[in-house]
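Report on the following structure.
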Amino acid sequence: MTSEDRPIDWGTESRLSPVDTVMWRGDTDRNLRSTISMLEVYDCTPDWDRLVAAHEWGSRMAPRFRQRVVEAPLAAGAPSWAVDPDFDLHYHLRRIRIGGDGSMRELLETCEQLAMTPLDPRRPPWEGYLIEGLPDGTAAYFLKAHHALTDGLGAIIALAQLHSTSRDPIPDKPQPPAPEVDEPSALDVLGRQLAEEVERVPLLASKALEGVLALRNPKRALSKVLRYGRSVPRVAGLVSPPGSPLLAGRSGSWRFTAFEVPFVSLKAAATATKASVNDVYLGGLIGGFRKYHERLDTMVDAIPVAIPISVRKPDDPAGGNRIAVGRLAGPVGIDDPFERVLTVREQVRAARNEPAVDVFNTAGPVLAWMPGQLLAQFSGTTSGNDLQASNVPGIPWETFVAGARVERMYPFGPLPGCGVMATMITHNGVACLGLNSDAAAIADPELFAECLVEGFNEVIDLAADHDDEEAAELPRMTRVI
């Protein structure tokens, strides 16, 4: 085997992390299912045989896609990953054709239905669909996977390595061998868990020693404990603003909407406001919520918002989830878009610097031993959020799949009890925004989409305040129909 045909360094951990475990067990409540999705739009229909071969190769290069979750007795403690001895690509990769005129609306409705269908927990938790029947010979690919498989950044890392940089086939491409099957029993998983707990003893002892040494300065130690204690309720969402009555409905039915805006416009707005692109993104989202409340004559001062905060370190394995939760009081009541973006900026900074920001990862080893029904309640800490928003760096170069060029990549996150999940990926200079809304929370989706476009564009227009002619001509956000 040459160095070129070895599997990529992605998804190599044998056990689910504490955060992965919470997400996996949260599926015991159908309203908390953690299915993440990606819709790729192609410039032509990819060759089916090449697409099948690409998935066969990809599942060898990233063996995590051949692995299923193996639970321990009583479904307590962190489960293990193990190669599925009955892995069947014919099950995971599917080919469908949509009816009607093949419009973007029909495509998104098809993807909604696919995303709401639960994954089979006895198999590797992903499914891929080639979707044909789009106008002018174009096609789409819809990938759904369980969030326990990876976070957004981990997914992009994998896609960047598994997509091709060439439309043409690569001759004599190395084919790694299929991963060896190592099917652990439930008792084997329990043995791994106990061994992991033993390995954790030195770390716990070290933490205990740190605590004892800290008592040499009792005042400082007490201050640190109190700061952490005050931070925990904020991170857990126990002191968030009340949810908007306009968005209170929950049904478990998902509705997808897609938008796009040239990344150059977001960068210009960020420069104009001395904020980050992420701050501008959040300011645009919250501006859209403000306009929606105005139109329906139900104004509130703030809404509960959650954002993922990456705690991924350079030496962390790719794959899995390395995220914490940041809580914001989305300033819907602020009319001035400039002030709104700056308010968001300061709230995001405060959220990132919360002493207890990583509390769920810290408490994860304990949470993982709780029964599934009880553990699901920790997944439900997001159910009070009106908005959850994620912004993931995308692939900045042209990519191809089985001879088709990837024109757009629209991400759609799960709805773990929240009203709206917004996810943005920047692909080759275009910020692609996928919105997943609960059908009961957003009663007028057409109006909401219109308000969201207005909210983003008023933030983009802040760049024109610098009297820059080029800024005044910046392309604006559009809804994909």
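By order in the structure tokens, chains are A, B, ...; within a chain, residues start at 1; ligands start at 1, following the order shown.
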
Q | 6 Å contact set for segment 287-300 of chain A, only C-alpha atoms, chain neighbours under 5 positions out, as a ChimeraX atom specification | A | /A:332,448,451-452,455

Write out the residues from the selection above, keeping C-alpha atoms, as a short mmCIF file (atom, residue, chain, number, x, y, z; two decimals), in the first residue's frame.
data_model
loop_
_atom_site.label_atom_id
_atom_site.label_comp_id
_atom_site.auth_asym_id
_atom_site.auth_seq_id
_atom_site.Cartn_x
_atom_site.Cartn_y
_atom_site.Cartn_z
CA VAL A 332 -35.01 42.17 17.57
CA PHE A 448 -40.73 35.27 6.47
CA CYS A 451 -38.43 39.67 5.53
CA LEU A 452 -35.17 37.73 5.75
CA GLY A 455 -33.03 42.09 6.85
#

Q. Which polymer residues have any atom within 9 Å of an atom of segment 301-305 of chain A, counting only C-alpha atoms, with same-chain residues fewer than 6 positions away left out, as a ChimeraX atom specification?
A. /A:237,240-244,286,326-334,384-389

Store the residues of this selection in a file with N, CA and C atoms, as a PDB file, in the first residue's frame.
ATOM      1  N   GLY A 237     -28.858  28.183  29.021  1.00  0.00           N
ATOM      2  CA  GLY A 237     -30.064  28.813  28.501  1.00  0.00           C
ATOM      3  C   GLY A 237     -31.136  29.034  29.543  1.00  0.00           C
ATOM      4  N   SER A 240     -32.157  32.907  29.480  1.00  0.00           N
ATOM      5  CA  SER A 240     -32.390  33.503  28.164  1.00  0.00           C
ATOM      6  C   SER A 240     -33.700  34.286  28.178  1.00  0.00           C
ATOM      7  N   PRO A 241     -33.859  35.214  27.232  1.00  0.00           N
ATOM      8  CA  PRO A 241     -35.146  35.920  27.141  1.00  0.00           C
ATOM      9  C   PRO A 241     -36.249  34.936  26.772  1.00  0.00           C
ATOM     10  N   PRO A 242     -37.494  35.257  27.121  1.00  0.00           N
ATOM     11  CA  PRO A 242     -38.586  34.354  26.750  1.00  0.00           C
ATOM     12  C   PRO A 242     -38.744  34.295  25.235  1.00  0.00           C
ATOM     13  N   GLY A 243     -39.211  33.166  24.744  1.00  0.00           N
ATOM     14  CA  GLY A 243     -39.434  33.029  23.315  1.00  0.00           C
ATOM     15  C   GLY A 243     -40.552  33.929  22.842  1.00  0.00           C
ATOM     16  N   SER A 244     -40.504  34.295  21.581  1.00  0.00           N
ATOM     17  CA  SER A 244     -41.541  35.145  21.003  1.00  0.00           C
ATOM     18  C   SER A 244     -42.853  34.365  20.891  1.00  0.00           C
ATOM     19  N   ILE A 286     -31.263  38.351  12.396  1.00  0.00           N
ATOM     20  CA  ILE A 286     -32.106  38.962  13.432  1.00  0.00           C
ATOM     21  C   ILE A 286     -32.896  40.124  12.847  1.00  0.00           C
ATOM     22  N   GLY A 326     -23.183  28.843  22.535  1.00  0.00           N
ATOM     23  CA  GLY A 326     -23.202  30.239  22.950  1.00  0.00           C
ATOM     24  C   GLY A 326     -24.632  30.749  22.930  1.00  0.00           C
ATOM     25  N   ARG A 327     -24.990  31.517  23.941  1.00  0.00           N
ATOM     26  CA  ARG A 327     -26.360  32.030  24.057  1.00  0.00           C
ATOM     27  C   ARG A 327     -26.384  33.532  23.838  1.00  0.00           C
ATOM     28  N   LEU A 328     -27.345  33.993  23.033  1.00  0.00           N
ATOM     29  CA  LEU A 328     -27.514  35.414  22.761  1.00  0.00           C
ATOM     30  C   LEU A 328     -28.955  35.812  23.036  1.00  0.00           C
ATOM     31  N   ALA A 329     -29.139  37.093  23.340  1.00  0.00           N
ATOM     32  CA  ALA A 329     -30.473  37.690  23.384  1.00  0.00           C
ATOM     33  C   ALA A 329     -30.615  38.470  22.086  1.00  0.00           C
ATOM     34  N   GLY A 330     -31.119  37.812  21.049  1.00  0.00           N
ATOM     35  CA  GLY A 330     -31.188  38.418  19.725  1.00  0.00           C
ATOM     36  C   GLY A 330     -31.917  39.746  19.750  1.00  0.00           C
ATOM     37  N   PRO A 331     -31.231  40.873  19.460  1.00  0.00           N
ATOM     38  CA  PRO A 331     -31.819  42.209  19.639  1.00  0.00           C
ATOM     39  C   PRO A 331     -32.828  42.584  18.560  1.00  0.00           C
ATOM     40  N   VAL A 332     -33.954  41.888  18.546  1.00  0.00           N
ATOM     41  CA  VAL A 332     -35.006  42.165  17.567  1.00  0.00           C
ATOM     42  C   VAL A 332     -35.559  43.578  17.738  1.00  0.00           C
ATOM     43  N   GLY A 333     -35.508  44.094  18.952  1.00  0.00           N
ATOM     44  CA  GLY A 333     -36.071  45.416  19.209  1.00  0.00           C
ATOM     45  C   GLY A 333     -35.245  46.576  18.706  1.00  0.00           C
ATOM     46  N   ILE A 334     -34.017  46.331  18.228  1.00  0.00           N
ATOM     47  CA  ILE A 334     -33.155  47.417  17.741  1.00  0.00           C
ATOM     48  C   ILE A 334     -33.434  47.652  16.262  1.00  0.00           C
ATOM     49  N   GLY A 384     -36.029  25.816  23.748  1.00  0.00           N
ATOM     50  CA  GLY A 384     -36.550  27.153  24.015  1.00  0.00           C
ATOM     51  C   GLY A 384     -36.035  28.207  23.067  1.00  0.00           C
ATOM     52  N   ASN A 385     -35.157  27.841  22.138  1.00  0.00           N
ATOM     53  CA  ASN A 385     -34.570  28.824  21.233  1.00  0.00           C
ATOM     54  C   ASN A 385     -35.510  29.115  20.062  1.00  0.00           C
ATOM     55  N   ASP A 386     -35.663  30.392  19.743  1.00  0.00           N
ATOM     56  CA  ASP A 386     -36.390  30.751  18.530  1.00  0.00           C
ATOM     57  C   ASP A 386     -35.508  30.596  17.302  1.00  0.00           C
ATOM     58  N   LEU A 387     -34.203  30.801  17.485  1.00  0.00           N
ATOM     59  CA  LEU A 387     -33.260  30.726  16.373  1.00  0.00           C
ATOM     60  C   LEU A 387     -31.973  30.058  16.822  1.00  0.00           C
ATOM     61  N   GLN A 388     -31.485  29.131  16.016  1.00  0.00           N
ATOM     62  CA  GLN A 388     -30.120  28.642  16.129  1.00  0.00           C
ATOM     63  C   GLN A 388     -29.435  28.912  14.803  1.00  0.00           C
ATOM     64  N   ALA A 389     -28.212  29.401  14.866  1.00  0.00           N
ATOM     65  CA  ALA A 389     -27.534  29.829  13.646  1.00  0.00           C
ATOM     66  C   ALA A 389     -26.098  29.347  13.642  1.00  0.00           C
TER      67      ALA A 389
END

Q: Would you mind listing what lies within 9 Å of segment 156-168 of chain A as a list of chain:residue names, with only C-alpha atoms counted and same-chain residues fewer than 5 positions away left out?
A: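 Once the adjacent positions are removed, what remains is A:Ile8, A:Trp10, A:Ala54, A:Trp57, A:Gly58, A:Met61, A:Ala62, A:Asp151, A:Ala318, A:Gly319, A:Val392, A:Pro393, A:Gly394, A:Ile395, A:Trp397, A:Glu398, A:Thr399, A:Phe400, A:Val401, A:Ala402, A:Gly403, A:Ala404, A:Arg405.
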
Q: Rank nothing, just name the residue among A:Trp254, A:Trp126, A:Phe456, A:Phe142 nearest to Asp438 of chain A, using only C-alpha atoms.
A: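 The shortest atom-to-atom distance to Asp438 of chain A comes from A:Trp254.
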
Q: Write out as a list in words which residues come within 10 Å of Thr426 of chain A when counting only C-alpha atoms, dropping same-chain ones fewer than 2 positions away.
A: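 Near neighbours after the sequence-gap exclusion: Glu260, Val261, Pro262, Phe263, Asn391, Val392, Pro393, Gly394, Ile395, Pro396, Arg408, Met409, Tyr410, Met424, Asn428, Gly429, Val430, Ala431, Cys432 and Leu433 of chain A.
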
Those residues you just picked out, can you put them in a file as a PDB file, in the first residue's frame with C-alpha atoms?
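Output below, filename result20.pdb:
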ATOM      1  CA  GLU A 260     -27.541  33.163  -1.440  1.00  0.00           C
ATOM      2  CA  VAL A 261     -25.443  36.308  -1.358  1.00  0.00           C
ATOM      3  CA  PRO A 262     -21.994  37.020  -2.817  1.00  0.00           C
ATOM      4  CA  PHE A 263     -19.437  36.737  -0.043  1.00  0.00           C
ATOM      5  CA  ASN A 391     -21.725  29.652   9.926  1.00  0.00           C
ATOM      6  CA  VAL A 392     -19.210  27.189   8.487  1.00  0.00           C
ATOM      7  CA  PRO A 393     -16.297  27.999   6.139  1.00  0.00           C
ATOM      8  CA  GLY A 394     -16.823  26.177   2.867  1.00  0.00           C
ATOM      9  CA  ILE A 395     -14.667  24.933   0.009  1.00  0.00           C
ATOM     10  CA  PRO A 396     -13.046  27.933  -1.734  1.00  0.00           C
ATOM     11  CA  ARG A 408     -23.999  25.447  -5.031  1.00  0.00           C
ATOM     12  CA  MET A 409     -23.908  23.781  -1.602  1.00  0.00           C
ATOM     13  CA  TYR A 410     -26.906  24.478   0.662  1.00  0.00           C
ATOM     14  CA  MET A 424     -24.468  29.229   6.042  1.00  0.00           C
ATOM     15  CA  ASN A 428     -16.429  29.338  -4.147  1.00  0.00           C
ATOM     16  CA  GLY A 429     -17.281  32.973  -3.377  1.00  0.00           C
ATOM     17  CA  VAL A 430     -21.036  32.560  -2.729  1.00  0.00           C
ATOM     18  CA  ALA A 431     -22.541  32.471   0.757  1.00  0.00           C
ATOM     19  CA  CYS A 432     -25.222  29.766   0.593  1.00  0.00           C
ATOM     20  CA  LEU A 433     -27.788  29.959   3.387  1.00  0.00           C
TER      21      LEU A 433
END

**Q.** Selection: 12 Å around Ser390 of chain A, only C-alpha atoms, excl. self and same-chain fewer than 2 positions, as a PyMOL selection string
**A.** chain A and resi 151-153+278-279+281-282+285+305-310+323-326+387-388+392-393+411-414+420-426+432-436

Only C-alpha atoms, please: the residues just picked out, written as a PDB file, in the first residue's frame.
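New file selection.pdb:
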ATOM      1  CA  ASP A 151     -20.089  18.735  13.130  1.00  0.00           C
ATOM      2  CA  GLY A 152     -20.307  21.242  10.275  1.00  0.00           C
ATOM      3  CA  LEU A 153     -16.586  21.951  10.101  1.00  0.00           C
ATOM      4  CA  ASN A 278     -20.359  36.096  11.359  1.00  0.00           C
ATOM      5  CA  ASP A 279     -21.606  39.186  13.231  1.00  0.00           C
ATOM      6  CA  TYR A 281     -24.637  37.211   9.224  1.00  0.00           C
ATOM      7  CA  LEU A 282     -26.324  37.125  12.633  1.00  0.00           C
ATOM      8  CA  LEU A 285     -30.855  37.056  10.398  1.00  0.00           C
ATOM      9  CA  VAL A 305     -30.666  32.637  20.032  1.00  0.00           C
ATOM     10  CA  ALA A 306     -28.049  29.883  20.206  1.00  0.00           C
ATOM     11  CA  ILE A 307     -24.841  29.612  18.195  1.00  0.00           C
ATOM     12  CA  PRO A 308     -22.261  26.814  18.082  1.00  0.00           C
ATOM     13  CA  ILE A 309     -18.815  27.742  19.337  1.00  0.00           C
ATOM     14  CA  SER A 310     -16.054  25.566  17.957  1.00  0.00           C
ATOM     15  CA  ILE A 323     -18.632  22.336  19.687  1.00  0.00           C
ATOM     16  CA  ALA A 324     -19.982  24.267  22.649  1.00  0.00           C
ATOM     17  CA  VAL A 325     -23.096  26.450  22.860  1.00  0.00           C
ATOM     18  CA  GLY A 326     -23.202  30.239  22.950  1.00  0.00           C
ATOM     19  CA  LEU A 387     -33.260  30.726  16.373  1.00  0.00           C
ATOM     20  CA  GLN A 388     -30.120  28.642  16.129  1.00  0.00           C
ATOM     21  CA  VAL A 392     -19.210  27.189   8.487  1.00  0.00           C
ATOM     22  CA  PRO A 393     -16.297  27.999   6.139  1.00  0.00           C
ATOM     23  CA  PRO A 411     -26.625  23.200   4.250  1.00  0.00           C
ATOM     24  CA  PHE A 412     -29.645  22.378   6.401  1.00  0.00           C
ATOM     25  CA  GLY A 413     -29.233  21.727  10.109  1.00  0.00           C
ATOM     26  CA  PRO A 414     -31.644  19.825  12.350  1.00  0.00           C
ATOM     27  CA  VAL A 420     -35.620  28.061  13.054  1.00  0.00           C
ATOM     28  CA  MET A 421     -32.191  26.616  12.240  1.00  0.00           C
ATOM     29  CA  ALA A 422     -30.064  28.741   9.907  1.00  0.00           C
ATOM     30  CA  THR A 423     -26.808  27.416   8.431  1.00  0.00           C
ATOM     31  CA  MET A 424     -24.468  29.229   6.042  1.00  0.00           C
ATOM     32  CA  ILE A 425     -21.614  27.794   3.986  1.00  0.00           C
ATOM     33  CA  THR A 426     -19.435  29.851   1.670  1.00  0.00           C
ATOM     34  CA  CYS A 432     -25.222  29.766   0.593  1.00  0.00           C
ATOM     35  CA  LEU A 433     -27.788  29.959   3.387  1.00  0.00           C
ATOM     36  CA  GLY A 434     -30.079  27.029   4.180  1.00  0.00           C
ATOM     37  CA  LEU A 435     -32.994  27.665   6.506  1.00  0.00           C
ATOM     38  CA  ASN A 436     -34.858  24.868   8.275  1.00  0.00           C
TER      39      ASN A 436
END

Q. Taking only C-alpha atoms into account, which of A:Pro176, A:Pro355, A:Gly252, A:Gly77 comes nearest Thr21 of chain A?
A. A:Gly77

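Nearest residue to Arg122 of chain A among A:Val83, A:Met104, A:Ala449, A:Val189 is A:Val83, counting only C-alpha atoms.
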
Q: Could you check how far atom CA of Arg33 of chain A sits from atom CA of Val19 of chain A, in Å to one decimal?
A: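 Atom-to-atom, atom CA of Arg33 of chain A and atom CA of Val19 of chain A are spaced 14.1 Å apart.
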